[in-house]
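Shown here: structure_2.csv, CSV, C-alpha atoms and all ligand atoms.
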chain,number,residue,atom,x,y,z
A,1,MET,CA,78.2,4.8,-49.0
A,2,VAL,CA,81.0,4.9,-46.4
A,3,ILE,CA,78.9,3.4,-43.6
A,4,SER,CA,76.2,0.8,-43.6
A,5,GLY,CA,72.6,1.7,-44.4
A,6,ASN,CA,71.6,0.3,-41.0
A,7,ILE,CA,73.9,2.6,-39.1
A,8,GLN,CA,73.0,5.6,-41.3
A,9,LYS,CA,69.3,5.0,-40.4
A,10,PHE,CA,70.2,4.8,-36.7
A,11,LEU,CA,72.3,7.9,-36.8
A,12,ALA,CA,69.3,9.8,-38.1
A,13,LYS,CA,67.1,8.4,-35.3
A,14,ALA,CA,69.5,8.7,-32.4
A,15,SER,CA,70.6,12.2,-32.8
A,16,TRP,CA,68.3,14.0,-30.3
A,17,ILE,CA,70.7,14.2,-27.3
A,18,ARG,CA,73.7,14.9,-29.5
A,19,LYS,CA,71.7,17.6,-31.4
A,20,MET,CA,70.7,19.3,-28.1
A,21,PHE,CA,74.3,19.0,-26.8
A,22,GLU,CA,75.6,20.7,-29.9
A,23,GLU,CA,73.0,23.4,-29.6
A,24,GLY,CA,74.1,24.0,-26.0
A,25,GLU,CA,77.7,24.5,-27.1
A,26,ARG,CA,76.6,27.1,-29.7
A,27,LEU,CA,74.4,28.9,-27.1
A,28,ARG,CA,77.2,28.9,-24.5
A,29,LYS,CA,79.5,30.6,-26.9
A,30,ILE,CA,77.0,33.4,-27.4
A,31,TYR,CA,75.5,33.8,-23.9
A,32,GLY,CA,78.1,32.4,-21.5
A,33,ASN,CA,78.0,29.2,-19.4
A,34,ASP,CA,75.8,30.5,-16.6
A,35,LYS,CA,73.0,31.7,-18.9
A,36,VAL,CA,72.5,28.5,-20.8
A,37,TYR,CA,70.4,25.9,-18.9
A,38,ASP,CA,71.5,22.6,-20.3
A,39,PHE,CA,69.4,19.8,-18.9
A,40,THR,CA,70.3,17.3,-21.7
A,41,LEU,CA,73.1,15.1,-20.5
A,42,GLY,CA,73.1,12.4,-17.8
A,43,ASN,CA,76.7,13.0,-16.9
A,44,PRO,CA,77.0,12.9,-13.1
A,45,ASP,CA,78.3,16.2,-11.6
A,46,ALA,CA,79.1,14.6,-8.2
A,47,GLU,CA,82.7,13.7,-7.4
A,48,PRO,CA,83.6,10.2,-6.4
A,49,PRO,CA,83.6,9.5,-2.6
A,50,ALA,CA,86.7,10.2,-0.6
A,51,ALA,CA,87.3,6.4,-0.2
A,52,PHE,CA,87.8,6.2,-4.0
A,53,LYS,CA,90.5,8.8,-4.0
A,54,LYS,CA,92.2,7.2,-1.0
A,55,GLU,CA,92.3,3.8,-2.7
A,56,LEU,CA,93.5,5.3,-6.0
A,57,LYS,CA,96.3,7.0,-4.2
A,58,ARG,CA,97.3,3.9,-2.3
A,59,LEU,CA,97.5,1.8,-5.4
A,60,ALA,CA,99.6,4.5,-7.2
A,61,LEU,CA,102.0,4.7,-4.3
A,62,GLU,CA,102.2,1.0,-3.6
A,63,PRO,CA,101.9,-0.7,-7.0
A,64,VAL,CA,101.6,-4.5,-6.9
A,65,PRO,CA,103.7,-6.3,-9.5
A,66,GLY,CA,101.5,-7.5,-12.5
A,67,MET,CA,98.6,-5.2,-11.5
A,68,HIS,CA,98.2,-4.0,-15.1
A,69,ARG,CA,98.2,-7.4,-16.8
A,70,TYR,CA,95.3,-9.4,-18.2
A,71,MET,CA,93.4,-11.4,-15.7
A,72,SER,CA,90.6,-14.0,-16.0
A,73,ASN,CA,88.0,-12.6,-18.5
A,74,ALA,CA,85.4,-12.6,-15.7
A,75,GLY,CA,87.5,-10.3,-13.6
A,76,TYR,CA,89.5,-10.6,-10.3
A,77,PRO,CA,88.1,-13.3,-8.0
A,78,GLU,CA,88.4,-11.0,-5.0
A,79,THR,CA,86.4,-8.2,-6.7
A,80,ARG,CA,83.7,-10.6,-7.7
A,81,GLN,CA,83.6,-12.2,-4.3
A,82,ALA,CA,83.2,-8.8,-2.6
A,83,ILE,CA,80.2,-8.0,-4.9
A,84,ALA,CA,78.7,-11.5,-4.3
A,85,GLU,CA,78.9,-11.0,-0.5
A,86,VAL,CA,76.8,-7.9,-0.6
A,87,LEU,CA,74.2,-9.6,-2.9
A,88,ALA,CA,74.1,-12.7,-0.7
A,89,GLU,CA,73.4,-10.4,2.3
A,90,GLN,CA,70.7,-8.4,0.4
A,91,THR,CA,68.9,-11.4,-1.0
A,92,ALA,CA,69.7,-14.4,1.3
A,93,LEU,CA,70.5,-16.3,-1.9
A,94,PRO,CA,73.8,-18.3,-2.3
A,95,PHE,CA,75.7,-15.8,-4.5
A,96,ASP,CA,79.4,-16.3,-5.0
A,97,LYS,CA,82.1,-15.1,-7.4
A,98,ASN,CA,80.8,-17.5,-10.0
A,99,ASN,CA,77.6,-15.5,-10.4
A,100,ILE,CA,79.5,-12.3,-11.2
A,101,VAL,CA,81.3,-11.0,-14.3
A,102,MET,CA,83.1,-7.6,-14.2
A,103,THR,CA,82.3,-5.4,-17.2
A,104,CYS,CA,83.1,-2.2,-19.0
A,105,GLY,CA,80.2,-0.3,-17.5
A,106,ALA,CA,76.5,-1.2,-17.7
A,107,GLY,CA,76.5,-0.5,-21.4
A,108,GLY,CA,79.3,-3.2,-21.9
A,109,GLY,CA,77.4,-5.5,-19.6
A,110,LEU,CA,74.1,-5.3,-21.4
A,111,ASN,CA,75.9,-6.1,-24.7
A,112,VAL,CA,77.6,-9.1,-23.2
A,113,VAL,CA,74.3,-10.4,-21.8
A,114,LEU,CA,72.4,-9.9,-25.0
A,115,LYS,CA,75.1,-11.5,-27.1
A,116,THR,CA,75.1,-14.5,-24.7
A,117,LEU,CA,71.3,-15.0,-24.8
A,118,LEU,CA,70.1,-14.1,-28.3
A,119,ASP,CA,69.9,-16.0,-31.5
A,120,PRO,CA,69.0,-13.9,-34.6
A,121,GLY,CA,65.3,-13.1,-34.6
A,122,ASP,CA,64.8,-13.6,-30.8
A,123,GLU,CA,62.6,-11.0,-29.3
A,124,VAL,CA,63.5,-8.6,-26.4
A,125,ILE,CA,60.8,-6.6,-24.7
A,126,ILE,CA,61.6,-3.1,-23.6
A,127,LEU,CA,59.3,-0.8,-21.7
A,128,SER,CA,58.5,2.7,-23.0
A,129,PRO,CA,59.7,5.2,-22.1
A,130,TYR,CA,63.1,3.5,-22.3
A,131,PHE,CA,66.8,4.3,-22.4
A,132,VAL,CA,67.3,4.7,-26.1
A,133,GLU,CA,70.5,2.7,-26.4
A,134,TYR,CA,68.6,-0.6,-25.6
A,135,LYS,CA,67.3,-0.6,-29.2
A,136,PHE,CA,70.8,-0.4,-30.6
A,137,TYR,CA,72.2,-2.9,-28.2
A,138,ILE,CA,69.5,-5.4,-29.1
A,139,ASP,CA,70.1,-4.8,-32.8
A,140,ASN,CA,73.9,-5.4,-32.3
A,141,HIS,CA,73.1,-9.0,-31.5
A,142,GLY,CA,70.4,-9.7,-34.1
A,143,GLY,CA,67.5,-9.3,-31.7
A,144,VAL,CA,64.1,-7.9,-32.4
A,145,VAL,CA,62.8,-5.1,-30.2
A,146,LYS,CA,59.2,-5.4,-28.9
A,147,GLU,CA,58.0,-2.2,-27.1
A,148,VAL,CA,55.5,-2.4,-24.3
A,149,PRO,CA,54.2,0.8,-22.8
A,150,THR,CA,54.3,1.3,-19.0
A,151,THR,CA,51.2,2.6,-17.1
A,152,SER,CA,50.2,6.3,-17.0
A,153,GLU,CA,52.4,6.6,-13.8
A,154,PHE,CA,55.3,4.8,-15.7
A,155,GLN,CA,54.9,1.7,-13.6
A,156,LEU,CA,55.1,-1.9,-14.9
A,157,ASP,CA,52.0,-3.0,-16.8
A,158,ASN,CA,52.4,-6.7,-16.1
A,159,ASN,CA,49.3,-7.7,-18.1
A,160,ALA,CA,50.7,-6.0,-21.2
A,161,ILE,CA,54.1,-7.5,-20.7
A,162,SER,CA,52.6,-11.0,-20.2
A,163,GLN,CA,50.6,-10.6,-23.4
A,164,ALA,CA,53.7,-9.5,-25.4
A,165,ILE,CA,55.7,-12.7,-24.5
A,166,THR,CA,55.8,-15.2,-27.4
A,167,SER,CA,57.8,-18.3,-28.0
A,168,ARG,CA,60.6,-16.1,-29.5
A,169,THR,CA,60.9,-13.9,-26.3
A,170,ARG,CA,64.3,-14.4,-24.7
A,171,ALA,CA,64.4,-11.4,-22.4
A,172,ILE,CA,62.7,-8.4,-20.9
A,173,ILE,CA,64.8,-5.4,-20.0
A,174,ILE,CA,63.6,-3.4,-17.0
A,175,ASN,CA,65.3,-0.3,-15.6
A,176,SER,CA,64.7,0.9,-12.0
A,177,PRO,CA,65.3,3.7,-11.0
A,178,ASN,CA,64.4,4.6,-14.5
A,179,ASN,CA,66.0,6.8,-17.1
A,180,PRO,CA,64.1,8.9,-18.2
A,181,THR,CA,61.3,8.9,-15.6
A,182,GLY,CA,63.0,8.5,-12.3
A,183,VAL,CA,60.4,5.9,-11.3
A,184,VAL,CA,61.3,3.0,-9.0
A,185,TYR,CA,59.4,-0.3,-9.2
A,186,ASP,CA,58.2,-1.6,-5.9
A,187,SER,CA,58.4,-5.1,-4.6
A,188,ALA,CA,54.7,-5.9,-5.2
A,189,SER,CA,55.0,-5.1,-8.9
A,190,LEU,CA,58.3,-7.1,-9.2
A,191,GLU,CA,56.6,-10.1,-7.5
A,192,GLU,CA,53.7,-9.8,-9.9
A,193,LEU,CA,56.1,-9.6,-12.9
A,194,GLY,CA,57.9,-12.7,-11.6
A,195,LYS,CA,54.6,-14.7,-11.4
A,196,ALA,CA,53.5,-13.6,-14.8
A,197,ILE,CA,56.8,-14.6,-16.4
A,198,ALA,CA,56.9,-18.0,-14.5
A,199,ALA,CA,53.4,-18.7,-15.9
A,200,LYS,CA,54.5,-17.9,-19.4
A,201,GLU,CA,57.7,-20.0,-19.0
A,202,THR,CA,55.6,-23.0,-18.0
A,203,GLU,CA,53.2,-22.4,-20.9
A,204,LEU,CA,56.0,-22.0,-23.5
A,205,GLY,CA,58.6,-24.3,-22.1
A,206,ASN,CA,61.4,-21.7,-22.5
A,207,PRO,CA,63.2,-19.4,-20.0
A,208,VAL,CA,62.4,-15.7,-20.3
A,209,PHE,CA,65.1,-13.7,-18.6
A,210,VAL,CA,64.6,-10.4,-16.9
A,211,ILE,CA,67.6,-8.2,-17.5
A,212,SER,CA,67.5,-5.6,-14.8
A,213,ASP,CA,69.6,-2.5,-15.7
A,214,GLU,CA,70.3,-0.8,-12.4
A,215,PRO,CA,73.1,1.8,-12.6
A,216,TYR,CA,70.9,4.2,-10.5
A,217,ALA,CA,70.1,1.6,-7.7
A,218,LYS,CA,71.8,3.7,-5.0
A,219,ILE,CA,70.5,7.1,-6.3
A,220,VAL,CA,67.2,7.0,-4.5
A,221,TYR,CA,65.3,9.5,-2.3
A,222,ASP,CA,62.9,9.8,0.6
A,223,GLY,CA,64.6,6.9,2.4
A,224,ILE,CA,63.5,4.2,0.0
A,225,THR,CA,65.6,1.2,-1.2
A,226,VAL,CA,65.3,-0.5,-4.6
A,227,PRO,CA,63.9,-4.0,-4.1
A,228,SER,CA,66.1,-6.7,-5.6
A,229,VAL,CA,64.7,-8.6,-8.7
A,230,PHE,CA,66.6,-11.6,-7.4
A,231,LYS,CA,64.0,-12.1,-4.7
A,232,TYR,CA,61.1,-12.2,-7.0
A,233,ILE,CA,62.3,-13.5,-10.4
A,234,LYS,CA,64.0,-16.8,-10.9
A,235,ASN,CA,65.7,-16.1,-14.3
A,236,SER,CA,67.0,-12.7,-13.4
A,237,ILE,CA,70.3,-11.0,-14.4
A,238,VAL,CA,71.3,-7.6,-13.0
A,239,VAL,CA,73.5,-5.4,-15.0
A,240,THR,CA,74.9,-2.4,-13.3
A,241,SER,CA,77.9,-0.1,-13.0
A,242,HIS,CA,79.7,2.4,-10.8
A,243,SER,CA,79.1,5.2,-13.4
A,244,LYS,CA,76.5,6.9,-11.2
A,245,ASP,CA,76.8,5.5,-7.6
A,246,LEU,CA,80.5,6.2,-7.5
A,247,ALA,CA,80.5,8.9,-10.2
A,248,LEU,CA,82.9,7.0,-12.4
A,249,PRO,CA,81.3,7.0,-15.9
A,250,GLY,CA,84.5,7.7,-17.7
A,251,GLU,CA,86.3,4.8,-16.0
A,252,ARG,CA,84.0,2.1,-17.5
A,253,ILE,CA,83.5,-0.2,-14.5
A,254,GLY,CA,80.5,-2.3,-13.8
A,255,TYR,CA,79.3,-5.9,-13.5
A,256,ILE,CA,76.8,-8.6,-14.4
A,257,ALA,CA,75.3,-10.6,-11.6
A,258,PHE,CA,73.0,-13.5,-12.3
A,259,SER,CA,70.7,-15.4,-10.0
A,260,PRO,CA,72.1,-18.6,-8.4
A,261,LEU,CA,68.6,-20.1,-9.2
A,262,VAL,CA,69.0,-20.0,-13.0
A,263,GLU,CA,69.1,-23.3,-14.8
A,264,ASP,CA,72.7,-24.3,-15.7
A,265,PRO,CA,74.5,-21.4,-14.0
A,266,LEU,CA,77.9,-22.9,-15.2
A,267,LEU,CA,76.9,-22.7,-18.8
A,268,LEU,CA,75.5,-19.2,-18.4
A,269,MET,CA,78.8,-18.1,-16.8
A,270,GLU,CA,80.8,-19.7,-19.5
A,271,GLY,CA,78.8,-17.9,-22.2
A,272,LEU,CA,79.0,-14.5,-20.5
A,273,VAL,CA,82.8,-14.8,-20.0
A,274,PHE,CA,83.3,-15.9,-23.6
A,275,CYS,CA,81.2,-12.9,-24.9
A,276,ASN,CA,83.0,-10.4,-22.6
A,277,ARG,CA,86.2,-11.6,-24.3
A,278,THR,CA,85.0,-11.9,-27.9
A,279,LEU,CA,83.1,-8.6,-28.0
A,280,GLY,CA,86.5,-7.1,-27.5
A,281,PHE,CA,86.1,-5.9,-24.0
A,282,VAL,CA,88.5,-8.8,-22.9
A,283,ASN,CA,88.1,-7.7,-19.2
A,284,ALA,CA,87.0,-4.8,-17.2
A,285,PRO,CA,89.7,-2.2,-16.4
A,286,ALA,CA,92.1,-3.8,-13.9
A,287,LEU,CA,92.9,-0.7,-11.8
A,288,MET,CA,89.2,0.1,-11.4
A,289,GLN,CA,88.4,-3.5,-10.4
A,290,ARG,CA,91.0,-3.3,-7.6
A,291,ILE,CA,89.6,0.0,-6.4
A,292,VAL,CA,85.9,-0.9,-6.3
A,293,THR,CA,86.6,-4.2,-4.4
A,294,GLY,CA,86.5,-2.3,-1.1
A,295,LEU,CA,83.9,0.3,-2.1
A,296,GLN,CA,80.8,-1.9,-2.6
A,297,ARG,CA,79.0,-0.2,0.4
A,298,GLU,CA,80.0,3.4,-0.7
A,299,SER,CA,78.2,5.9,-2.8
A,300,VAL,CA,78.2,9.6,-3.8
A,301,ASP,CA,76.3,12.2,-1.8
A,302,ILE,CA,72.7,11.4,-2.6
A,303,GLY,CA,71.4,14.4,-0.6
A,304,MET,CA,72.9,16.7,-3.2
A,305,TYR,CA,70.7,15.1,-6.0
A,306,GLN,CA,67.6,15.0,-3.8
A,307,ASP,CA,68.0,18.7,-3.1
A,308,LYS,CA,68.1,19.4,-6.8
A,309,ARG,CA,65.1,17.1,-7.5
A,310,ASP,CA,63.1,18.9,-4.8
A,311,LEU,CA,64.0,22.3,-6.1
A,312,LEU,CA,63.1,21.5,-9.7
A,313,TYR,CA,60.0,19.4,-8.9
A,314,ASN,CA,58.6,22.0,-6.5
A,315,SER,CA,59.3,24.9,-8.8
A,316,LEU,CA,58.0,23.3,-12.0
A,317,THR,CA,54.8,22.0,-10.5
A,318,ALA,CA,54.2,25.4,-9.0
A,319,TYR,CA,54.5,26.9,-12.5
A,320,GLY,CA,51.9,24.3,-13.8
A,321,PHE,CA,54.0,21.5,-15.2
A,322,LYS,CA,52.6,18.0,-14.6
A,323,MET,CA,54.8,15.1,-13.7
A,324,VAL,CA,55.2,11.9,-11.6
A,325,LYS,CA,57.5,12.7,-8.6
A,326,PRO,CA,60.6,10.7,-9.3
A,327,GLN,CA,62.0,8.6,-6.5
A,328,GLY,CA,65.4,8.0,-8.0
A,329,ALA,CA,68.0,8.6,-10.7
A,330,PHE,CA,68.5,12.3,-11.7
A,331,TYR,CA,65.7,12.9,-14.2
A,332,LEU,CA,62.3,14.4,-14.4
A,333,PHE,CA,59.9,13.4,-17.1
A,334,PRO,CA,57.1,16.0,-17.2
A,335,ALA,CA,54.2,16.1,-19.7
A,336,SER,CA,54.7,18.5,-22.5
A,337,PRO,CA,52.1,21.3,-22.2
A,338,ILE,CA,51.5,21.1,-25.9
A,339,PRO,CA,50.9,17.8,-27.8
A,340,ASP,CA,54.0,18.1,-29.9
A,341,ASP,CA,57.0,17.6,-27.5
A,342,VAL,CA,59.5,18.5,-30.2
A,343,GLU,CA,57.8,21.9,-30.8
A,344,PHE,CA,57.8,22.4,-27.0
A,345,VAL,CA,61.5,21.6,-26.7
A,346,MET,CA,62.1,24.2,-29.5
A,347,ALA,CA,60.1,26.8,-27.6
A,348,ALA,CA,62.2,26.1,-24.5
A,349,GLN,CA,65.4,26.5,-26.5
A,350,LYS,CA,64.4,30.1,-27.2
A,351,HIS,CA,64.7,30.7,-23.5
A,352,ASN,CA,68.1,29.0,-23.4
A,353,ILE,CA,66.6,25.9,-21.7
A,354,LEU,CA,67.8,22.7,-23.3
A,355,LEU,CA,65.7,19.6,-22.9
A,356,VAL,CA,65.3,16.3,-24.6
A,357,PRO,CA,61.9,15.4,-26.2
A,358,GLY,CA,60.1,12.3,-25.0
A,359,SER,CA,60.0,11.1,-28.6
A,360,GLY,CA,63.6,10.3,-28.1
A,361,PHE,CA,62.6,7.7,-25.4
A,362,GLY,CA,59.7,6.2,-27.3
A,363,ALA,CA,57.2,8.5,-25.3
A,364,PRO,CA,56.0,11.4,-27.4
A,365,GLY,CA,54.1,14.1,-25.4
A,366,TYR,CA,56.8,14.3,-22.6
A,367,PHE,CA,60.2,15.8,-22.2
A,368,ARG,CA,63.2,14.9,-20.1
A,369,ILE,CA,65.1,17.1,-17.7
A,370,SER,CA,68.4,15.8,-16.5
A,371,TYR,CA,69.4,17.6,-13.3
A,372,CYS,CA,72.9,16.4,-12.6
A,373,ILE,CA,74.2,19.9,-13.2
A,374,ASP,CA,75.4,22.8,-11.0
A,375,LYS,CA,72.6,23.9,-8.6
A,376,GLN,CA,73.2,27.5,-9.4
A,377,ILE,CA,72.4,26.8,-13.1
A,378,ILE,CA,69.1,25.3,-11.9
A,379,ILE,CA,68.4,28.4,-9.8
A,380,ASN,CA,69.3,30.6,-12.7
A,381,SER,CA,66.9,28.7,-15.0
A,382,LEU,CA,63.8,29.0,-12.9
A,383,PRO,CA,62.7,32.5,-14.1
A,384,ALA,CA,63.1,31.2,-17.7
A,385,PHE,CA,60.9,28.1,-16.9
A,386,LYS,CA,58.3,30.4,-15.4
A,387,THR,CA,58.2,32.6,-18.5
A,388,LEU,CA,58.0,29.5,-20.7
A,389,ALA,CA,55.0,28.2,-18.7
A,390,GLN,CA,53.2,31.5,-19.0
A,391,GLU,CA,53.9,31.6,-22.7
A,392,MET,CA,52.4,28.1,-22.9
A,393,GLY,CA,49.2,29.5,-21.2
A,394,MET,CA,49.8,27.4,-18.0
A,401,LIG,N1,71.4,2.2,-18.5
A,401,LIG,C1,70.9,3.3,-18.2
A,401,LIG,C2,69.4,3.4,-17.9
A,401,LIG,C3,71.6,4.5,-18.3
A,401,LIG,O1,71.0,5.7,-18.1
A,401,LIG,C4,73.0,4.4,-18.6
A,401,LIG,C5,73.8,5.6,-18.8
A,401,LIG,O2,73.4,6.8,-18.7
A,401,LIG,C6,73.5,3.2,-18.9
A,401,LIG,C7,72.7,2.1,-18.8
A,401,LIG,C8,75.0,3.0,-19.3
A,401,LIG,O3,75.8,3.2,-18.1
A,401,LIG,P1,77.3,2.9,-18.2
A,401,LIG,O4,78.0,4.3,-18.2
A,401,LIG,O5,77.6,2.2,-16.9
A,401,LIG,O6,77.6,2.1,-19.4

Once you've parsed the file, please lay out its structure as structure tokens.
Amino acid sequence: MVISGNIQKFLAKASWIRKMFEEGERLRKIYGNDKVYDFTLGNPDAEPPAAFKKELKRLALEPVPGMHRYMSNAGYPETRQAIAEVLAEQTALPFDKNNIVMTCGAGGGLNVVLKTLLDPGDEVIILSPYFVEYKFYIDNHGGVVKEVPTTSEFQLDNNAISQAITSRTRAIIINSPNNPTGVVYDSASLEELGKAIAAKETELGNPVFVISDEPYAKIVYDGITVPSVFKYIKNSIVVTSHSKDLALPGERIGYIAFSPLVEDPLLLMEGLVFCNRTLGFVNAPALMQRIVTGLQRESVDIGMYQDKRDLLYNSLTAYGFKMVKPQGAFYLFPASPIPDDVEFVMAAQKHNILLVPGSGFGAPGYFRISYCIDKQIIINSLPAFKTLAQEMGM
């Protein structure tokens, strides 16, 4: 066998989004781009804000000697300090650059955190439905996945989480705004989670880290803001990126921020920086670090995403689909009108609508719609959704 049995097993399991993407390519060749309604990929269709382009141009026209060299594996001090200042302001906690490590996106950051925290066999709790890569990231570092379902409204089930914590639990990954549901956890549920974990930490005598994966934190609607885990959970680590809020997924720029309240922050920092280096990331891209230093208060046009959410949510609910109204990210996660979500996704495909089954996110009976696509494609898709709903007897 050319590749490991483990990876072969994962390839078979992880193929949903790739399979649907390939199907989209096939259908586009037959029917044309505007008649294939591809809701599969979470690839932002927004452009980076004007401030990004201005900074990129400035750095190209006025290069600084040495700007493409290696730097400290944690990243440029001024970039980390700029991030720390915003976090200190949001949380009233004493963040400084020594709480921040610049990373190759949130995906890179999650791998660095897991590598730093886990010994082989340590357990990591993930909440279903979940971002499917978590399982592979945990496996990368010898961890054991423990799945805990969220409530019927996809909110935190803090009792279930508390019961799932054992003496081997090292971390819980939460993700708000959530991919695939678009749900945002409010401050009351984070506070309750913090208390439940603190009680378990006292009982077991070990820290249990909350790793809060937040690349969609600025993509929120209806005037809400995402409450900070740092305010409610002592052993908390935020992993985020500028893939969505500045629409830079291809540039691989993000960061890890950990609470100044953790025990032994110096050792945690040392571990994270070592793992950033030895996982082969070495450091986050230099040019991007320089650019995002001054852009910590910027974001893409959120109104454009909210407009698409409203259009799809209002239309699909009118056709009879049932779903929780998402308050962030760019996904809808409706219930499948038939029990078998894969069969439903296949039926949608016959109308050139490409979706991802909930099974791919550990939540059979649902499907994911990613609406970071051209609004006109969404408008074109609505009659097909209506016909599909009628065909399903809705
Ligand atoms: N976490 C979640 C929930 C995501 O949806 C994504 C990307 O879609 C990532 C992490 C990875 O983001 P990045 O591109 O910053 O690695």

Expected selection as a PyMOL selection string for ligand LIG 401 (chain A) within 8 Å, all atoms listed in the file: chain A and resi 42-43+104-110+130-131+133+175-176+178-180+213-216+240-244+249-250+252-254

Where does segment 68-156 of chain A meet segment 310-326 of chain A within 10 Å, residue by residue, with the nearest atom pair and distance in Å to one decimal for each, counting only C-alpha atoms, listed by chain and rising number, as a tab-separated table?
residue	atom	partner	partner_atom	distance
A:Ser152	CA	A:Val324	CA	9.2
A:Glu153	CA	A:Val324	CA	6.4
A:Phe154	CA	A:Val324	CA	8.2

Point-to-point distance from atom CA of Asp139 of chain A to atom CA of Ala196 of chain A, Å rounded to tenths: 26.0 Å

Selection near Lys57 of chain A, 12 Å with all atoms listed in the file, sequence-local residues under 6 positions removed, as a list in words: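 Listing them by chain and then by number gives Ala50, Ala51, Pro63, Leu287 and Ile291 of chain A.
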
Dump as an mmCIF file, in the frame of the given file, selection limited to C-alpha atoms:
data_model
loop_
_atom_site.group_PDB
_atom_site.id
_atom_site.type_symbol
_atom_site.label_atom_id
_atom_site.label_comp_id
_atom_site.auth_asym_id
_atom_site.auth_seq_id
_atom_site.Cartn_x
_atom_site.Cartn_y
_atom_site.Cartn_z
ATOM 1 C CA ALA A 50 86.700 10.200 -0.600
ATOM 2 C CA ALA A 51 87.300 6.400 -0.200
ATOM 3 C CA PRO A 63 101.900 -0.700 -7.000
ATOM 4 C CA LEU A 287 92.900 -0.700 -11.800
ATOM 5 C CA ILE A 291 89.600 0.000 -6.400
#

Test item: residues at most 10 Å from Asp374 of chain A, all atoms listed in the file, excluding those fewer than 2 positions along its chain, as a PyMOL selection string: chain A and resi 34+37+45-46+308+371-372+376-379

Surrounding residues of Asp341 of chain A excluding itself and chain neighbours under 4 positions, 6 Å, only C-alpha atoms, as number ranges by chain: A: 336, 357, 365-366

Local residues around (53.2, -2.9, -21.9), at most 8 Å away, using all atoms listed in the file, as a ChimeraX atom specification: /A:127-128,147-151,156-161,164

Of the listed residues A:Val210, A:Ala257, A:Met20, A:Ala74, that which approaches Ala88 of chain A most closely, counting only C-alpha atoms: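 With only C-alpha atoms as the atom set, the closest residue is A:Ala257.
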
Nearest to Val208 of chain A, chosen from A:Ala60, A:Ala171, A:Ile256, A:Ile233, with all atoms listed in the file counted in the distances: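 Ranked by minimum distance to Val208 of chain A, first place goes to A:Ala171.
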
Residues within 10 Å of (75.1, 12.5, -3.6), counting only C-alpha atoms, listed as a list in words: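 So the residues meeting the distance criterion are Pro44, Asp45, Ala46, Glu47, Pro48, Pro49, Lys218, Ile219, Val220, Lys244, Asp245, Leu246, Ala247, Ser299, Val300, Asp301, Ile302, Gly303, Met304, Tyr305, Gln306 and Asp307 of chain A.
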
Distance in Å - atom CA of Lys115 of chain A versus atom CA of Thr103 of chain A: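 Separating atom CA of Lys115 of chain A from atom CA of Thr103 of chain A is a distance of 13.7 Å.
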